[in-house]
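One structure is given below, encoded as structure tokens.
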2 protein chains.
Amino acid sequence: MHNSSAPLIGKKYTVRCSACRVRGWGLCEPIHDDELDVVERFKAGDKVLEAGQDLFREGEPSRELYTVLEGWMFLYKLLEDGRRQIAKIVLPGDFVGFQPDLEALLDHSAQALTDVRLCVFPRDNFLELNRAHPELAIRLTCLVAHDVEMSRDRLTSVGRRSARERVAHFLLGLFYRVRLRHQEPRGASIPMPLTQEHIGDALGLTSVHVNRTLRNLRDEGLIEIANRRLHILDPDRLADAAGFDEDSLGRT
Amino acid sequence: MHNSSAPLIGKKYTVRCSACRVRGWGLCEPIHDDELDVVERFKAGDKVLEAGQDLFREGEPSRELYTVLEGWMFLYKLLEDGRRQIAKIVLPGDFVGFQPDLEALLDHSAQALTDVRLCVFPRDNFLELNRAHPELAIRLTCLVAHDVEMSRDRLTSVGRRSARERVAHFLLGLFYRVRLRHQEPRGASIPMPLTQEHIGDALGLTSVHVNRTLRNLRDEGLIEIANRRLHILDPDRLADAAGFDEDSLGRT
DNA sequence: CGTAAACGGTGATGTCGGTCAGCCTAATCT
DNA sequence: AGATTAGGCTGACCGACATCACCGTTTACG
């Protein structure tokens, strides 16, 4: 379905930590090469998920924690009547499934946007691992704190920006975030597995209105979406339309 | 201005950790009595702030981290044109000022809602303290992770709920949160230092519309706001109006 | 190969919440 | 005591975004 899918599905091998390509952005960043066996022994294996499948659902008990190795996901919440809010677009290197009380039920769901490969940590003894390796605990705190920042940004957008500003801000933020992780050869475009409905659910808009807004931005020559790729044609004017804050770029 | 103000302003003494009344909810929760001197030595003192003053502002370098000892605050972000989004209502015990990169500039501001007393930690060596005391690092992670959950909830409200649902959900959530911390003798009311404008800025609404919504809820006998106090008259019907999720109560 | 989803796209119409404008009261300042 | 300000409150009007309804294209699948 998506270009990265073919190579993933079916392969059963487990990525070795020494060959982990997202180590620099993930939880294990502070682990030295010679200590790598600590996490390697802790790791429960890999897990592969097809696009569209849920990794976990709100209300389930938490069993495992994950680092995304390949592919994109998103975190979301559902209201009783089916309204959906997407809280985060998850990229390779992101750590998902952690919550303050690991015994508690999950308060959100996670779904694969593309086919996905995950590094699985067991929930049990995860805190012990952190206790034994304070660098890991501190790294985890930083990752989570970064999530808070991104959440605050998104909340500010949804609460206070117009639809046009929101869409522009979202696309630009995603663009820089993806590029910072070198997911793609640098260029003015990134893969775009999100549908207009996903974008709407992330921004508190309907897909109809996202469509119109996107068309405006396209008509004005700011962006182009084609073949599941997003092209930023005029970053400056897009940043303008977004009221984009340069400062927020330092943060991966 | 607010009832708790008189006793705070002017007093210069520093709260001793052994007498700290928010220890159970704050960062220091895992610290044993006999280890308390570790944080006591680290602590830089107390700081007192009047209602309406900023503790720090977006764009400033981070110098200190704080635990709120008394009073309420809020975290917020401003857009260039002055639109404001309130990201969190801060209660006693909450830890504020932490961010993933302690060297970076602050990405949000914090303002006192009432007169406030804070426990001040220096930013420098804070990570070393955490490295030396993994329990502290883990506790910090949990506090921050809890922030993420609350952020996601708020985002879901602002993105997907109607004004009426948002207001009901906000008030009910605040009510339970305040009560869980035993801030008040149990009863159907809590202090309410927020103006309608604050509520609007927290929920992505104008104060005008908050006013109308509040009046509806009052007319229907669900709530009452008087003398800077919020009274929950009919929790069940309010939860109904909010589409309130019982599950989200376990989390302080 | 034919059919059904899934997704993008678009017009007509409706409404929720914003904007503007102004009043009232209580608290604070001089 | 009078003036000023912050906050609550309300009506008239408006517009941004939602809703509904429908079409066309591409992809997946029996």
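Just remember, in the structure tokens the first chain shown is A, the second B, etc., residues are 1-based per chain, and ligands are 1-based in the order shown.
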All residues 9 Å or closer to Arg166 of chain A, only C-alpha atoms (C1' of nucleotides), same chain fewer than 3 positions away omitted, as a VMD selection string
chain A and resid 154 157 to 158 160 to 163 169 to 171 203 241 to 242
Next, the residues of the selection above should be written as a compact mmCIF listing (two decimals), in the first residue's frame with N, CA and C atoms.
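Saved the output as part-v8.txt:
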# COMPACT_ATOMS: atom_id res chain seq x y z
N ARG A 154 0.66 22.21 19.87
CA ARG A 154 -0.52 21.79 19.14
C ARG A 154 -1.78 22.39 19.77
N SER A 157 -2.21 25.89 18.76
CA SER A 157 -2.71 25.97 17.39
C SER A 157 -4.21 25.75 17.35
N VAL A 158 -4.61 24.63 17.93
CA VAL A 158 -6.02 24.25 17.84
C VAL A 158 -6.90 25.24 18.59
N ARG A 160 -6.17 28.50 19.32
CA ARG A 160 -6.10 29.93 19.02
C ARG A 160 -5.82 30.31 17.58
N ARG A 161 -5.51 29.36 16.73
CA ARG A 161 -5.22 29.75 15.34
C ARG A 161 -6.38 29.44 14.40
N SER A 162 -6.45 30.18 13.31
CA SER A 162 -7.44 29.93 12.27
C SER A 162 -7.10 28.64 11.54
N ALA A 163 -8.05 28.14 10.79
CA ALA A 163 -7.83 26.89 10.06
C ALA A 163 -6.61 27.01 9.15
N HIS A 169 0.89 25.66 9.78
CA HIS A 169 1.78 25.39 10.91
C HIS A 169 2.05 23.90 11.05
N PHE A 170 1.01 23.14 10.89
CA PHE A 170 1.12 21.68 11.03
C PHE A 170 2.05 21.11 9.96
N LEU A 171 1.82 21.50 8.72
CA LEU A 171 2.63 20.96 7.62
C LEU A 171 4.08 21.36 7.77
N LEU A 203 -6.06 18.52 13.80
CA LEU A 203 -6.17 19.97 13.95
C LEU A 203 -7.54 20.44 14.42
N ALA A 241 2.09 32.37 6.60
CA ALA A 241 0.70 31.95 6.74
C ALA A 241 0.48 31.24 8.06
N ALA A 242 1.54 30.64 8.57
CA ALA A 242 1.41 29.85 9.80
C ALA A 242 1.60 30.68 11.04
Can you tell me, as a PyMOL selection string, what residues are no more than 8 Å from segment 21-32 of chain B when counting only C-alpha atoms (C1' of nucleotides), ignoring any on the same chain fewer than 5 positions away?
chain B and resi 39+67+69+92-95+135-136+139-140+143+181
What are the residues of chain C lining chain B at 10 Å or less? Count only C-alpha atoms (C1' of nucleotides), and put the answer as a VMD selection string.
chain C and resid 16 to 19 27
Take the selection from the previous step and output its residues with all heavy atoms, as an mmCIF file, in the first residue's frame.
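Listing of selection.cif after writing:
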data_model
loop_
_atom_site.group_PDB
_atom_site.id
_atom_site.type_symbol
_atom_site.label_atom_id
_atom_site.label_comp_id
_atom_site.auth_asym_id
_atom_site.auth_seq_id
_atom_site.Cartn_x
_atom_site.Cartn_y
_atom_site.Cartn_z
ATOM 1 P P DC C 16 -25.787 25.243 16.633
ATOM 2 O OP1 DC C 16 -26.326 23.904 16.459
ATOM 3 O OP2 DC C 16 -26.552 26.310 17.321
ATOM 4 O "O5'" DC C 16 -24.365 25.110 17.335
ATOM 5 C "C5'" DC C 16 -23.284 24.502 16.617
ATOM 6 C "C4'" DC C 16 -22.043 25.353 16.757
ATOM 7 O "O4'" DC C 16 -22.116 26.500 15.873
ATOM 8 C "C3'" DC C 16 -21.810 25.909 18.151
ATOM 9 O "O3'" DC C 16 -20.455 25.652 18.468
ATOM 10 C "C2'" DC C 16 -22.139 27.409 18.023
ATOM 11 C "C1'" DC C 16 -21.800 27.686 16.570
ATOM 12 N N1 DC C 16 -22.598 28.758 15.878
ATOM 13 C C2 DC C 16 -21.972 29.589 14.927
ATOM 14 O O2 DC C 16 -20.768 29.451 14.714
ATOM 15 N N3 DC C 16 -22.716 30.515 14.283
ATOM 16 C C4 DC C 16 -24.020 30.644 14.533
ATOM 17 N N4 DC C 16 -24.713 31.570 13.860
ATOM 18 C C5 DC C 16 -24.673 29.804 15.493
ATOM 19 C C6 DC C 16 -23.937 28.885 16.138
ATOM 20 P P DG C 17 -19.875 25.848 19.950
ATOM 21 O OP1 DG C 17 -18.846 24.836 20.199
ATOM 22 O OP2 DG C 17 -21.038 25.986 20.856
ATOM 23 O "O5'" DG C 17 -19.162 27.255 19.822
ATOM 24 C "C5'" DG C 17 -18.094 27.372 18.889
ATOM 25 C "C4'" DG C 17 -17.857 28.819 18.589
ATOM 26 O "O4'" DG C 17 -19.026 29.399 17.951
ATOM 27 C "C3'" DG C 17 -17.568 29.707 19.805
ATOM 28 O "O3'" DG C 17 -16.354 30.374 19.528
ATOM 29 C "C2'" DG C 17 -18.773 30.632 19.869
ATOM 30 C "C1'" DG C 17 -19.162 30.722 18.401
ATOM 31 N N9 DG C 17 -20.514 31.167 18.124
ATOM 32 C C8 DG C 17 -21.678 30.778 18.745
ATOM 33 N N7 DG C 17 -22.739 31.381 18.273
ATOM 34 C C5 DG C 17 -22.250 32.214 17.277
ATOM 35 C C6 DG C 17 -22.916 33.122 16.415
ATOM 36 O O6 DG C 17 -24.120 33.367 16.361
ATOM 37 N N1 DG C 17 -22.026 33.772 15.541
ATOM 38 C C2 DG C 17 -20.655 33.558 15.524
ATOM 39 N N2 DG C 17 -19.957 34.263 14.634
ATOM 40 N N3 DG C 17 -20.022 32.724 16.328
ATOM 41 C C4 DG C 17 -20.874 32.091 17.170
ATOM 42 P P DG C 18 -15.672 31.512 20.321
ATOM 43 O OP1 DG C 18 -14.286 31.097 20.513
ATOM 44 O OP2 DG C 18 -16.515 31.901 21.475
ATOM 45 O "O5'" DG C 18 -15.662 32.701 19.257
ATOM 46 C "C5'" DG C 18 -15.044 32.467 17.989
ATOM 47 C "C4'" DG C 18 -15.098 33.730 17.161
ATOM 48 O "O4'" DG C 18 -16.479 34.037 16.858
ATOM 49 C "C3'" DG C 18 -14.534 34.975 17.854
ATOM 50 O "O3'" DG C 18 -13.788 35.740 16.898
ATOM 51 C "C2'" DG C 18 -15.761 35.712 18.364
ATOM 52 C "C1'" DG C 18 -16.837 35.314 17.367
ATOM 53 N N9 DG C 18 -18.167 35.171 17.971
ATOM 54 C C8 DG C 18 -18.542 34.340 18.994
ATOM 55 N N7 DG C 18 -19.809 34.436 19.301
ATOM 56 C C5 DG C 18 -20.303 35.382 18.418
ATOM 57 C C6 DG C 18 -21.627 35.902 18.258
ATOM 58 O O6 DG C 18 -22.638 35.609 18.890
ATOM 59 N N1 DG C 18 -21.680 36.852 17.240
ATOM 60 C C2 DG C 18 -20.622 37.242 16.469
ATOM 61 N N2 DG C 18 -20.868 38.161 15.547
ATOM 62 N N3 DG C 18 -19.387 36.768 16.596
ATOM 63 C C4 DG C 18 -19.300 35.842 17.587
ATOM 64 P P DT C 19 -12.999 37.051 17.408
ATOM 65 O OP1 DT C 19 -11.823 37.168 16.524
ATOM 66 O OP2 DT C 19 -12.858 36.996 18.875
ATOM 67 O "O5'" DT C 19 -14.003 38.245 17.069
ATOM 68 C "C5'" DT C 19 -14.615 38.298 15.797
ATOM 69 C "C4'" DT C 19 -15.431 39.566 15.685
ATOM 70 O "O4'" DT C 19 -16.760 39.343 16.222
ATOM 71 C "C3'" DT C 19 -14.862 40.779 16.439
ATOM 72 O "O3'" DT C 19 -14.945 41.886 15.561
ATOM 73 C "C2'" DT C 19 -15.780 40.912 17.644
ATOM 74 C "C1'" DT C 19 -17.104 40.413 17.077
ATOM 75 N N1 DT C 19 -18.073 39.837 18.037
ATOM 76 C C2 DT C 19 -19.402 40.208 17.947
ATOM 77 O O2 DT C 19 -19.819 41.015 17.132
ATOM 78 N N3 DT C 19 -20.228 39.589 18.860
ATOM 79 C C4 DT C 19 -19.865 38.662 19.824
ATOM 80 O O4 DT C 19 -20.697 38.188 20.577
ATOM 81 C C5 DT C 19 -18.461 38.326 19.860
ATOM 82 C C7 DT C 19 -17.974 37.330 20.861
ATOM 83 C C6 DT C 19 -17.648 38.922 18.973
ATOM 84 P P DA C 27 -16.429 44.045 46.527
ATOM 85 O OP1 DA C 27 -16.280 42.715 47.154
ATOM 86 O OP2 DA C 27 -17.089 45.160 47.251
ATOM 87 O "O5'" DA C 27 -14.980 44.531 46.087
ATOM 88 C "C5'" DA C 27 -14.294 43.817 45.059
ATOM 89 C "C4'" DA C 27 -13.169 44.685 44.551
ATOM 90 O "O4'" DA C 27 -13.724 45.783 43.790
ATOM 91 C "C3'" DA C 27 -12.312 45.303 45.649
ATOM 92 O "O3'" DA C 27 -10.954 45.017 45.375
ATOM 93 C "C2'" DA C 27 -12.619 46.804 45.578
ATOM 94 C "C1'" DA C 27 -13.011 46.963 44.118
ATOM 95 N N9 DA C 27 -13.898 48.083 43.823
ATOM 96 C C8 DA C 27 -15.103 48.380 44.401
ATOM 97 N N7 DA C 27 -15.688 49.450 43.900
ATOM 98 C C5 DA C 27 -14.806 49.883 42.929
ATOM 99 C C6 DA C 27 -14.834 50.967 42.032
ATOM 100 N N6 DA C 27 -15.840 51.844 41.983
ATOM 101 N N1 DA C 27 -13.791 51.114 41.186
ATOM 102 C C2 DA C 27 -12.786 50.210 41.245
ATOM 103 N N3 DA C 27 -12.648 49.155 42.032
ATOM 104 C C4 DA C 27 -13.700 49.047 42.855
#
As an NGL selection string, please: all residues of segment 92-200 of chain B that backbone DSSP puts in strand (DSSP E or B).
:B and (95-96 or 105 or 109-112 or 116-122 or 189-191)
Restricting the output to all heavy atoms, write the selected residues as a compact mmCIF listing (two decimals), in the first residue's frame.
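part_19.txt, freshly written:
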# COMPACT_ATOMS: atom_id res chain seq x y z
N PHE B 95 5.13 20.73 39.63
CA PHE B 95 6.52 21.09 39.35
C PHE B 95 6.53 21.86 38.04
O PHE B 95 6.00 21.37 37.04
CB PHE B 95 7.35 19.81 39.25
CG PHE B 95 8.82 20.02 39.21
CD1 PHE B 95 9.50 20.51 40.32
CD2 PHE B 95 9.55 19.72 38.06
CE1 PHE B 95 10.88 20.70 40.29
CE2 PHE B 95 10.92 19.91 38.03
CZ PHE B 95 11.59 20.40 39.15
N VAL B 96 7.10 23.04 38.03
CA VAL B 96 7.08 23.83 36.79
C VAL B 96 8.47 24.30 36.39
O VAL B 96 9.37 24.43 37.22
CB VAL B 96 6.16 25.07 36.90
CG1 VAL B 96 4.74 24.68 37.22
CG2 VAL B 96 6.69 26.05 37.92
N LEU B 105 16.09 28.17 25.65
CA LEU B 105 15.17 29.20 26.11
C LEU B 105 13.81 28.58 26.44
O LEU B 105 13.42 27.58 25.84
CB LEU B 105 15.00 30.27 25.02
CG LEU B 105 16.31 30.95 24.59
CD1 LEU B 105 16.03 32.03 23.55
CD2 LEU B 105 17.02 31.53 25.81
N SER B 109 5.29 30.53 29.17
CA SER B 109 5.35 31.45 30.31
C SER B 109 4.52 30.89 31.46
O SER B 109 3.71 29.98 31.27
CB SER B 109 4.79 32.81 29.90
OG SER B 109 5.31 33.22 28.66
N ALA B 110 4.75 31.45 32.64
CA ALA B 110 4.01 31.02 33.82
C ALA B 110 3.60 32.24 34.62
O ALA B 110 4.42 33.13 34.85
CB ALA B 110 4.84 30.08 34.68
N GLN B 111 2.35 32.30 35.02
CA GLN B 111 1.85 33.46 35.75
C GLN B 111 1.09 33.02 37.00
O GLN B 111 0.41 32.00 36.99
CB GLN B 111 0.92 34.27 34.83
CG GLN B 111 0.38 35.54 35.46
CD GLN B 111 -0.30 36.44 34.44
OE1 GLN B 111 -1.45 36.84 34.64
NE2 GLN B 111 0.37 36.76 33.36
N ALA B 112 1.22 33.84 38.04
CA ALA B 112 0.52 33.54 39.29
C ALA B 112 -0.94 33.95 39.20
O ALA B 112 -1.26 35.05 38.75
CB ALA B 112 1.20 34.26 40.45
N VAL B 116 1.44 33.40 45.53
CA VAL B 116 2.01 32.07 45.40
C VAL B 116 3.32 31.94 46.16
O VAL B 116 4.09 32.90 46.23
CB VAL B 116 2.24 31.81 43.89
CG1 VAL B 116 3.40 30.90 43.64
CG2 VAL B 116 0.98 31.27 43.23
N ARG B 117 3.55 30.79 46.75
CA ARG B 117 4.86 30.51 47.33
C ARG B 117 5.47 29.31 46.62
O ARG B 117 4.82 28.29 46.42
CB ARG B 117 4.77 30.20 48.83
CG ARG B 117 6.11 29.73 49.42
CD ARG B 117 6.00 29.42 50.91
NE ARG B 117 5.58 30.56 51.66
CZ ARG B 117 6.42 31.54 52.05
NH1 ARG B 117 7.71 31.46 51.78
NH2 ARG B 117 5.94 32.56 52.73
N LEU B 118 6.74 29.47 46.23
CA LEU B 118 7.40 28.44 45.44
C LEU B 118 8.66 27.94 46.11
O LEU B 118 9.37 28.71 46.77
CB LEU B 118 7.80 29.03 44.08
CG LEU B 118 6.67 29.62 43.25
CD1 LEU B 118 7.19 30.76 42.40
CD2 LEU B 118 6.03 28.55 42.41
N CYS B 119 8.93 26.66 45.92
CA CYS B 119 10.20 26.09 46.34
C CYS B 119 11.12 26.12 45.13
O CYS B 119 10.77 25.63 44.07
CB CYS B 119 9.98 24.65 46.81
SG CYS B 119 11.49 23.69 47.02
N VAL B 120 12.29 26.74 45.27
CA VAL B 120 13.17 26.99 44.13
C VAL B 120 14.33 26.00 44.08
O VAL B 120 15.06 25.85 45.05
CB VAL B 120 13.75 28.41 44.20
CG1 VAL B 120 14.64 28.68 42.99
CG2 VAL B 120 12.63 29.43 44.30
N PHE B 121 14.49 25.33 42.95
CA PHE B 121 15.67 24.52 42.69
C PHE B 121 16.52 25.22 41.64
O PHE B 121 15.99 25.71 40.65
CB PHE B 121 15.27 23.15 42.14
CG PHE B 121 14.87 22.16 43.18
CD1 PHE B 121 14.78 22.51 44.52
CD2 PHE B 121 14.58 20.84 42.82
CE1 PHE B 121 14.40 21.58 45.49
CE2 PHE B 121 14.21 19.90 43.78
CZ PHE B 121 14.12 20.28 45.11
N PRO B 122 17.82 25.25 41.83
CA PRO B 122 18.67 25.82 40.78
C PRO B 122 18.66 24.90 39.57
O PRO B 122 18.56 23.68 39.71
CB PRO B 122 20.05 25.87 41.42
CG PRO B 122 20.01 24.84 42.48
CD PRO B 122 18.60 24.78 42.97
N SER B 189 -17.67 22.40 46.68
CA SER B 189 -17.17 23.63 46.07
C SER B 189 -15.66 23.76 46.24
O SER B 189 -15.07 23.19 47.15
CB SER B 189 -17.88 24.84 46.65
OG SER B 189 -17.27 25.25 47.85
N ILE B 190 -15.05 24.48 45.34
CA ILE B 190 -13.60 24.74 45.39
C ILE B 190 -13.38 26.22 45.10
O ILE B 190 -14.25 26.88 44.54
CB ILE B 190 -12.84 23.90 44.34
CG1 ILE B 190 -13.37 24.21 42.93
CG2 ILE B 190 -12.94 22.42 44.64
CD1 ILE B 190 -12.49 23.67 41.82
N PRO B 191 -12.20 26.73 45.46
CA PRO B 191 -11.90 28.12 45.13
C PRO B 191 -11.81 28.28 43.63
O PRO B 191 -11.49 27.33 42.90
CB PRO B 191 -10.54 28.37 45.78
CG PRO B 191 -10.08 27.09 46.33
CD PRO B 191 -11.15 26.07 46.20
Restrict the distance test to only C-alpha atoms, flag each residue of chain A within 7 Å of chain B, and return the flagged residues as an MDAnalysis selection string.
chainID A and resid 83 85 87 99:100 131 134:135 137:138 140:148 151:152 155:156 158:160 203:204
Determine which residues of chain D sit within 12 Å of chain A, taking into account only C-alpha atoms (C1' of nucleotides), and present them as number ranges by chain.
D: 16-20, 26-28
Pull N, CA, C and O atoms (P, O5', C5', C4', C3', O3' and C1' of nucleotides) from the residues just selected and write them as a CSV table (one decimal), in the first residue's frame.
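The result, written out as out_38.csv:
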chain,number,residue,atom,x,y,z
D,16,DA,P,-14.4,34.8,7.8
D,16,DA,O5',-13.7,33.6,8.6
D,16,DA,C5',-13.6,33.7,10.0
D,16,DA,C4',-13.9,32.3,10.6
D,16,DA,C3',-13.2,31.1,9.8
D,16,DA,O3',-12.7,30.2,10.8
D,16,DA,C1',-15.6,30.8,9.8
D,17,DC,P,-11.7,29.1,10.4
D,17,DC,O5',-12.6,27.8,10.4
D,17,DC,C5',-13.3,27.5,11.6
D,17,DC,C4',-14.5,26.6,11.2
D,17,DC,C3',-14.2,25.3,10.4
D,17,DC,O3',-14.4,24.2,11.3
D,17,DC,C1',-16.2,26.4,9.7
D,18,DA,P,-14.6,22.7,10.9
D,18,DA,O5',-16.2,22.6,10.8
D,18,DA,C5',-17.0,22.8,12.0
D,18,DA,C4',-18.4,22.3,11.9
D,18,DA,C3',-18.5,20.9,11.4
D,18,DA,O3',-19.6,20.3,12.1
D,18,DA,C1',-19.5,22.3,9.8
D,19,DT,P,-20.0,18.8,11.9
D,19,DT,O5',-21.2,18.7,10.9
D,19,DT,C5',-22.2,19.8,10.9
D,19,DT,C4',-23.2,19.6,9.8
D,19,DT,C3',-23.4,18.1,9.3
D,19,DT,O3',-24.8,17.9,9.2
D,19,DT,C1',-22.9,19.6,7.5
D,20,DC,P,-25.3,16.4,8.9
D,20,DC,O5',-25.7,16.5,7.3
D,20,DC,C5',-26.5,17.6,6.9
D,20,DC,C4',-26.6,17.6,5.4
D,20,DC,C3',-26.6,16.2,4.8
D,20,DC,O3',-27.7,16.2,3.8
D,20,DC,C1',-25.0,17.5,3.7
D,26,DT,P,-7.0,8.4,-12.1
D,26,DT,O5',-6.6,7.5,-10.8
D,26,DT,C5',-6.2,8.1,-9.6
D,26,DT,C4',-6.3,7.1,-8.5
D,26,DT,C3',-5.5,5.8,-8.8
D,26,DT,O3',-4.5,5.6,-7.9
D,26,DT,C1',-7.7,5.3,-7.9
D,27,DT,P,-3.5,4.4,-8.0
D,27,DT,O5',-4.1,3.3,-7.0
D,27,DT,C5',-4.4,3.7,-5.6
D,27,DT,C4',-5.1,2.6,-4.9
D,27,DT,C3',-4.5,1.2,-5.1
D,27,DT,O3',-4.3,0.7,-3.8
D,27,DT,C1',-6.8,1.1,-5.6
D,28,DA,P,-3.6,-0.8,-3.6
D,28,DA,O5',-4.9,-1.7,-3.2
D,28,DA,C5',-5.7,-1.2,-2.2
D,28,DA,C4',-6.9,-2.3,-2.0
D,28,DA,C3',-6.4,-3.7,-2.1
D,28,DA,O3',-7.2,-4.4,-1.1
D,28,DA,C1',-8.0,-3.3,-3.8
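We find atom CA of Gly52 of chain A and atom C1' of DC29 of chain D to be spaced 17.1 Å apart.
For DC24 of chain C, the non-local neighbours within 12 Å, defined as residues at least 5 positions apart in the same chain or in other chains and counting only C-alpha atoms (C1' of nucleotides), are DG7, DG8, DC9 and DT10 of chain D.
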